Amino acid sequence: MKTLIINGSPRANHGNTQLFIDHFQSGLTQPLPVRYVLRENPTTLALEMNDYDTILLAMPLYIHAMPGIVMKLFEAMNPHPTNHKKIGFIVQAGFIESSTARYLENYLSSLAHYLNYTYLGTVIKGDAAACSILPHFFFGKLFKQLKALGAEYEKNESFDPNFVEKLGNPVYLSKFQVRLLESCLVKKLDQIGWNWNLKRNGCFENRFDQPFL
Amino acid sequence: MKTMIVREFHDFMLPDSYLLDLSDQKIKGCTGCWICWWKTPGRCVHHDLDLFYRHYITSEKVIFYLTVSQGFISGNLKTLFDRMIPLFLPYTNYTSGESMHDKRYERYPDIEIHYHDTFLEAAEKKIFEDYLQRTFYQFHSKNISLTGEQRGVRK
Ligand SMILES: Cc1cc2nc3c(=O)[nH]c(=O)nc-3n(C[C@H](O)[C@H](O)[C@H](O)COP(=O)(O)O)c2cc1C
């Protein structure tokens, strides 16, 4: 069975999606080929995807769905004449709760059905925006889970529901989490990264600019 | 009332309103660089949408005429949505019980969407409509309406 991994991030191999793919691959005995939507013509890539039995498409969540470049790839895909093909998705996002990717997940499952692929499911992980910025130890647990997800995939050619559930937590924010996130201290922590970058670029004072009014 | 039109089909036009015709303008892709949030707050590195941004946040209403593509919004429209991130702040609030980006501008337009209804199943149509409702809710628009028109063949 031949599997192709596709990276759907506009940041290609420089972003968080790549880190997810690398850690997933670290659980495999044989590394899988990876293609980058950003660098490909969608029609050519869609055709070449037919040479594989299984497609694993990893991408960041962009405005509650797939990045524009990934939608252009989907537009280039046609329903497969046999029903032997499989497709699974790995979505990582900035917001904490995985429910924000529910709209995309619903679409991906419907698309797989329309394209005549067996749907392997969608792995969703929130709170991932800083994983290629912060030191490794902040995300050690996540990386271990991705490695295990990869190892299980190689054994069973499916996503282990156990890891899918773990990675998808929390699905919603609890009332307690909301209160905590809205508290002054946590709010400040939440803003540290953005403010640090704004200051580094000398534009902290302009952070609330309204250039189009 | 100041109105803007974004269209992928139809030749509908209003006098004195700004038109973004997606059928002949290919929107440049978001590069995920975050420059619009941490280097030039509110401005994208690309400038093909500067007029769109100006009209979007100064319009009371934006009317969309959309095609359905592979059961979803087109890649070109999705690219436009990705590029709308500079209209909001990087900071997140949780007051609604969910994560949501803070407003950069005081007000955002009402949204009226007309789409070319080529859905085969009610479930698919729900995915499309739920997504658009959700997106403009997160974009801080207060009134959002959706109407499917001109049933046709799925593309
Ligand atoms: C234009 C844009 C839109 C985004 N929209 C969302 C969103 O709707 N929900 C979310 O949780 N994260 C959103 N994010 C955050 C990304 O999903 C997150 O930063 C991700 O880790 C980026 O992955 P990458 O580095 O592989 O591109 C968005 C990021 C960008 C640049």
# chains A, B, ... in the order shown; residues from 1 in each chain; ligands from 1
$ interface_residues --of "chain A" --to "chain B" --cutoff "7 Å" --atoms "only C-alpha atoms" --output "PyMOL selection string"
chain A and resi 10-11+62-64+67-69+71-72+75+95+103+106-107+173+178+181-182+191+194+197-198+201+203+206-213
$ write_last_selection --atoms "N, CA and C atoms" --output "mmCIF file, in the first residue's frame"
data_model
loop_
_atom_site.group_PDB
_atom_site.id
_atom_site.type_symbol
_atom_site.label_atom_id
_atom_site.label_comp_id
_atom_site.auth_asym_id
_atom_site.auth_seq_id
_atom_site.Cartn_x
_atom_site.Cartn_y
_atom_site.Cartn_z
ATOM 1 N N PRO A 10 0.507 27.132 3.537
ATOM 2 C CA PRO A 10 1.159 28.168 2.721
ATOM 3 C C PRO A 10 2.594 28.433 3.177
ATOM 4 N N ARG A 11 2.964 27.939 4.366
ATOM 5 C CA ARG A 11 4.363 28.095 4.807
ATOM 6 C C ARG A 11 5.194 26.865 4.450
ATOM 7 N N TYR A 62 -7.425 27.504 8.476
ATOM 8 C CA TYR A 62 -7.418 28.898 8.014
ATOM 9 C C TYR A 62 -8.869 29.354 7.948
ATOM 10 N N ILE A 63 -9.236 30.343 8.750
ATOM 11 C CA ILE A 63 -10.612 30.859 8.757
ATOM 12 C C ILE A 63 -11.606 29.692 8.775
ATOM 13 N N HIS A 64 -11.452 28.887 9.830
ATOM 14 C CA HIS A 64 -12.380 27.779 10.078
ATOM 15 C C HIS A 64 -12.409 26.704 9.007
ATOM 16 N N PRO A 67 -6.731 26.154 3.965
ATOM 17 C CA PRO A 67 -6.182 27.324 3.277
ATOM 18 C C PRO A 67 -6.674 27.362 1.826
ATOM 19 N N GLY A 68 -6.740 28.566 1.238
ATOM 20 C CA GLY A 68 -7.186 28.711 -0.154
ATOM 21 C C GLY A 68 -6.472 27.759 -1.116
ATOM 22 N N ILE A 69 -5.156 27.591 -0.925
ATOM 23 C CA ILE A 69 -4.408 26.729 -1.867
ATOM 24 C C ILE A 69 -4.893 25.277 -1.799
ATOM 25 N N MET A 71 -8.034 24.374 -1.074
ATOM 26 C CA MET A 71 -9.329 24.326 -1.770
ATOM 27 C C MET A 71 -9.100 24.261 -3.276
ATOM 28 N N LYS A 72 -8.043 24.927 -3.753
ATOM 29 C CA LYS A 72 -7.753 24.870 -5.197
ATOM 30 C C LYS A 72 -7.325 23.455 -5.603
ATOM 31 N N GLU A 75 -10.492 21.436 -5.801
ATOM 32 C CA GLU A 75 -11.238 21.753 -7.037
ATOM 33 C C GLU A 75 -10.691 20.971 -8.231
ATOM 34 N N PHE A 95 -6.492 28.247 17.653
ATOM 35 C CA PHE A 95 -7.442 28.267 18.765
ATOM 36 C C PHE A 95 -7.344 26.967 19.566
ATOM 37 N N TYR A 103 -16.430 22.488 11.252
ATOM 38 C CA TYR A 103 -17.004 22.852 9.944
ATOM 39 C C TYR A 103 -16.168 22.229 8.830
ATOM 40 N N ASN A 106 -16.579 18.319 8.815
ATOM 41 C CA ASN A 106 -17.813 17.899 8.133
ATOM 42 C C ASN A 106 -17.635 17.927 6.621
ATOM 43 N N TYR A 107 -16.984 18.989 6.153
ATOM 44 C CA TYR A 107 -16.782 19.103 4.704
ATOM 45 C C TYR A 107 -15.842 18.008 4.203
ATOM 46 N N LEU A 173 -14.437 24.693 25.244
ATOM 47 C CA LEU A 173 -13.857 25.263 26.460
ATOM 48 C C LEU A 173 -14.884 25.113 27.587
ATOM 49 N N VAL A 178 -12.884 29.177 30.384
ATOM 50 C CA VAL A 178 -13.207 30.504 29.862
ATOM 51 C C VAL A 178 -12.870 31.566 30.912
ATOM 52 N N LEU A 181 -9.101 31.895 31.117
ATOM 53 C CA LEU A 181 -8.529 32.566 29.935
ATOM 54 C C LEU A 181 -8.856 34.052 29.914
ATOM 55 N N GLU A 182 -9.986 34.416 30.512
ATOM 56 C CA GLU A 182 -10.390 35.817 30.543
ATOM 57 C C GLU A 182 -9.773 36.563 31.730
ATOM 58 N N GLN A 191 -1.088 37.204 25.350
ATOM 59 C CA GLN A 191 -0.693 38.286 24.437
ATOM 60 C C GLN A 191 0.819 38.460 24.327
ATOM 61 N N TRP A 194 2.465 37.890 20.775
ATOM 62 C CA TRP A 194 2.149 38.938 19.793
ATOM 63 C C TRP A 194 2.873 40.233 20.156
ATOM 64 N N ASN A 197 6.615 40.258 19.482
ATOM 65 C CA ASN A 197 6.915 40.461 18.061
ATOM 66 C C ASN A 197 6.630 41.888 17.608
ATOM 67 N N LEU A 198 5.522 42.468 18.109
ATOM 68 C CA LEU A 198 5.198 43.859 17.759
ATOM 69 C C LEU A 198 6.313 44.792 18.231
ATOM 70 N N ASN A 201 9.510 44.484 16.237
ATOM 71 C CA ASN A 201 9.407 45.148 14.932
ATOM 72 C C ASN A 201 9.160 46.648 15.051
ATOM 73 N N CYS A 203 6.658 48.317 16.309
ATOM 74 C CA CYS A 203 5.325 48.832 15.953
ATOM 75 C C CYS A 203 4.281 48.517 17.026
ATOM 76 N N ASN A 206 1.525 50.897 17.319
ATOM 77 C CA ASN A 206 0.589 50.908 16.178
ATOM 78 C C ASN A 206 -0.303 49.678 16.129
ATOM 79 N N ARG A 207 -0.285 48.889 17.198
ATOM 80 C CA ARG A 207 -0.955 47.586 17.110
ATOM 81 C C ARG A 207 -2.452 47.683 16.856
ATOM 82 N N PHE A 208 -3.078 48.804 17.257
ATOM 83 C CA PHE A 208 -4.522 48.942 17.025
ATOM 84 C C PHE A 208 -4.837 49.786 15.781
ATOM 85 N N ASP A 209 -3.855 50.014 14.937
ATOM 86 C CA ASP A 209 -4.058 50.842 13.722
ATOM 87 C C ASP A 209 -5.281 50.382 12.929
ATOM 88 N N GLN A 210 -5.926 51.379 12.308
ATOM 89 C CA GLN A 210 -7.068 51.076 11.429
ATOM 90 C C GLN A 210 -6.738 51.684 10.062
ATOM 91 N N PRO A 211 -5.813 51.059 9.319
ATOM 92 C CA PRO A 211 -5.290 51.719 8.120
ATOM 93 C C PRO A 211 -6.322 51.976 7.031
ATOM 94 N N PHE A 212 -7.446 51.323 7.070
ATOM 95 C CA PHE A 212 -8.392 51.495 5.953
ATOM 96 C C PHE A 212 -9.601 52.348 6.305
ATOM 97 N N LEU A 213 -9.470 53.134 7.381
ATOM 98 C CA LEU A 213 -10.568 54.065 7.671
ATOM 99 C C LEU A 213 -10.175 55.471 7.238
#
$ select_by_dssp --residues "region 5-125 of chain B" --states "strand (DSSP E or B)" --output "PyMOL selection string"
chain B and resi 5-7+18-21+61-66+69+72+88-93+100-103+110-116
$ atom_distance --atom1 "CA of Glu97 (chain A)" --atom2 "atom 3 (C, counted along the ligand's line) of ligand 1"
15.2 Å
$ atom_distance --atom1 "CA of Arg179 (chain A)" --atom2 "atom 15 (C, counted along the ligand's line) of ligand 1"
22.5 Å
$ closest_residue --among "B:Leu66, B:Cys44, B:Pro15, B:Leu22" --to "ligand 1" --atoms "only C-alpha atoms and all ligand atoms"
B:Cys44
$ closest_atom_pairs --of "chain A" --to "ligand 1" --cutoff "8 Å" --atoms "only C-alpha atoms and all ligand atoms" --output "Markdown table"
| residue | atom | partner | partner_atom_place_in_ligand_line | distance |
| --- | --- | --- | --- | --- |
| A:Gly8 | CA | ligand 1 | 26 (O) | 7.7 |
| A:Ser9 | CA | ligand 1 | 27 (O) | 4.5 |
| A:Pro10 | CA | ligand 1 | 27 (O) | 5.7 |
| A:Arg11 | CA | ligand 1 | 27 (O) | 4.9 |
| A:Ala12 | CA | ligand 1 | 26 (O) | 6.9 |
| A:Asn13 | CA | ligand 1 | 26 (O) | 7.7 |
| A:His14 | CA | ligand 1 | 25 (O) | 6.8 |
| A:Gly15 | CA | ligand 1 | 25 (O) | 3.3 |
| A:Asn16 | CA | ligand 1 | 26 (O) | 3.8 |
| A:Thr17 | CA | ligand 1 | 26 (O) | 3.6 |
| A:Gln18 | CA | ligand 1 | 26 (O) | 6.1 |
| A:Leu19 | CA | ligand 1 | 26 (O) | 7.8 |
| A:Met59 | CA | ligand 1 | 26 (O) | 6.3 |
| A:Pro60 | CA | ligand 1 | 17 (O) | 4.2 |
| A:Leu61 | CA | ligand 1 | 17 (O) | 4.0 |
| A:Tyr62 | CA | ligand 1 | 5 (N) | 3.5 |
| A:Ile63 | CA | ligand 1 | 8 (O) | 3.3 |
| A:His64 | CA | ligand 1 | 8 (O) | 3.8 |
| A:Ala65 | CA | ligand 1 | 8 (O) | 6.6 |
| A:Pro67 | CA | ligand 1 | 1 (C) | 7.6 |
| A:Gln92 | CA | ligand 1 | 21 (O) | 5.7 |
| A:Ala93 | CA | ligand 1 | 17 (O) | 3.6 |
| A:Gly94 | CA | ligand 1 | 12 (N) | 3.7 |
| A:Phe95 | CA | ligand 1 | 11 (O) | 3.6 |
| A:Ile96 | CA | ligand 1 | 11 (O) | 6.8 |
| A:Glu97 | CA | ligand 1 | 11 (O) | 7.8 |
| A:Ser98 | CA | ligand 1 | 11 (O) | 7.9 |
| A:Thr100 | CA | ligand 1 | 9 (N) | 6.4 |
| A:Ala101 | CA | ligand 1 | 9 (N) | 7.3 |
| A:Gly126 | CA | ligand 1 | 11 (O) | 6.3 |
| A:Asp127 | CA | ligand 1 | 11 (O) | 7.2 |
| A:Ala128 | CA | ligand 1 | 21 (O) | 5.0 |
| A:Ala129 | CA | ligand 1 | 21 (O) | 3.6 |
| A:Ala130 | CA | ligand 1 | 21 (O) | 6.8 |
| A:Cys131 | CA | ligand 1 | 21 (O) | 7.3 |
| A:Ser132 | CA | ligand 1 | 25 (O) | 7.4 |
$ residues_around --residues "Leu14 (chain B)" --least-positions-apart "3" --cutoff "9 Å" --atoms "only C-alpha atoms" --output "PyMOL selection string"
chain B and resi 3-5+17-19
$ residues_around --residues "Ile5 (chain A)" --least-positions-apart "6" --cutoff "8 Å" --atoms "only C-alpha atoms" --output "list in words"
Leu32, Pro33, Val34, Arg35, Ile55, Leu56, Leu57 and Ala58 of chain A
$ select_by_dssp --residues "chain B" --states "helix (DSSP H, G or I)" --output "VMD selection string"
chain B and resid 35 to 38 50 to 58 75 to 82 85 to 87 122 to 138
$ residues_around --residues "Ile144 (chain B)" --least-positions-apart "6" --cutoff "8 Å" --atoms "only C-alpha atoms" --output "list in words"
Asp110, Ile111, Glu112, Ile113, Gln133, Phe136 and Tyr137 of chain B
$ write_last_selection --atoms "N, CA and C atoms" --output "short mmCIF file (atom, residue, chain, number, x, y, z; two decimals), in the first residue's frame"
data_model
loop_
_atom_site.label_atom_id
_atom_site.label_comp_id
_atom_site.auth_asym_id
_atom_site.auth_seq_id
_atom_site.Cartn_x
_atom_site.Cartn_y
_atom_site.Cartn_z
N ASP B 110 -23.13 44.24 7.42
CA ASP B 110 -24.07 43.12 7.33
C ASP B 110 -23.75 42.35 6.05
N ILE B 111 -24.10 41.09 6.04
CA ILE B 111 -23.72 40.23 4.91
C ILE B 111 -24.97 39.60 4.29
N GLU B 112 -25.07 39.76 2.97
CA GLU B 112 -26.17 39.12 2.24
C GLU B 112 -25.54 38.21 1.18
N ILE B 113 -25.79 36.91 1.32
CA ILE B 113 -25.15 35.97 0.39
C ILE B 113 -26.20 35.31 -0.51
N GLN B 133 -22.11 31.04 7.61
CA GLN B 133 -22.69 31.70 8.80
C GLN B 133 -21.61 31.87 9.86
N PHE B 136 -18.77 34.55 8.98
CA PHE B 136 -19.11 35.96 9.14
C PHE B 136 -19.50 36.30 10.58
N TYR B 137 -19.94 35.30 11.33
CA TYR B 137 -20.14 35.51 12.77
C TYR B 137 -18.78 35.81 13.41
#
$ atom_distance --atom1 "CA of Glu154 (chain A)" --atom2 "CA of Thr54 (chain A)"
11.7 Å
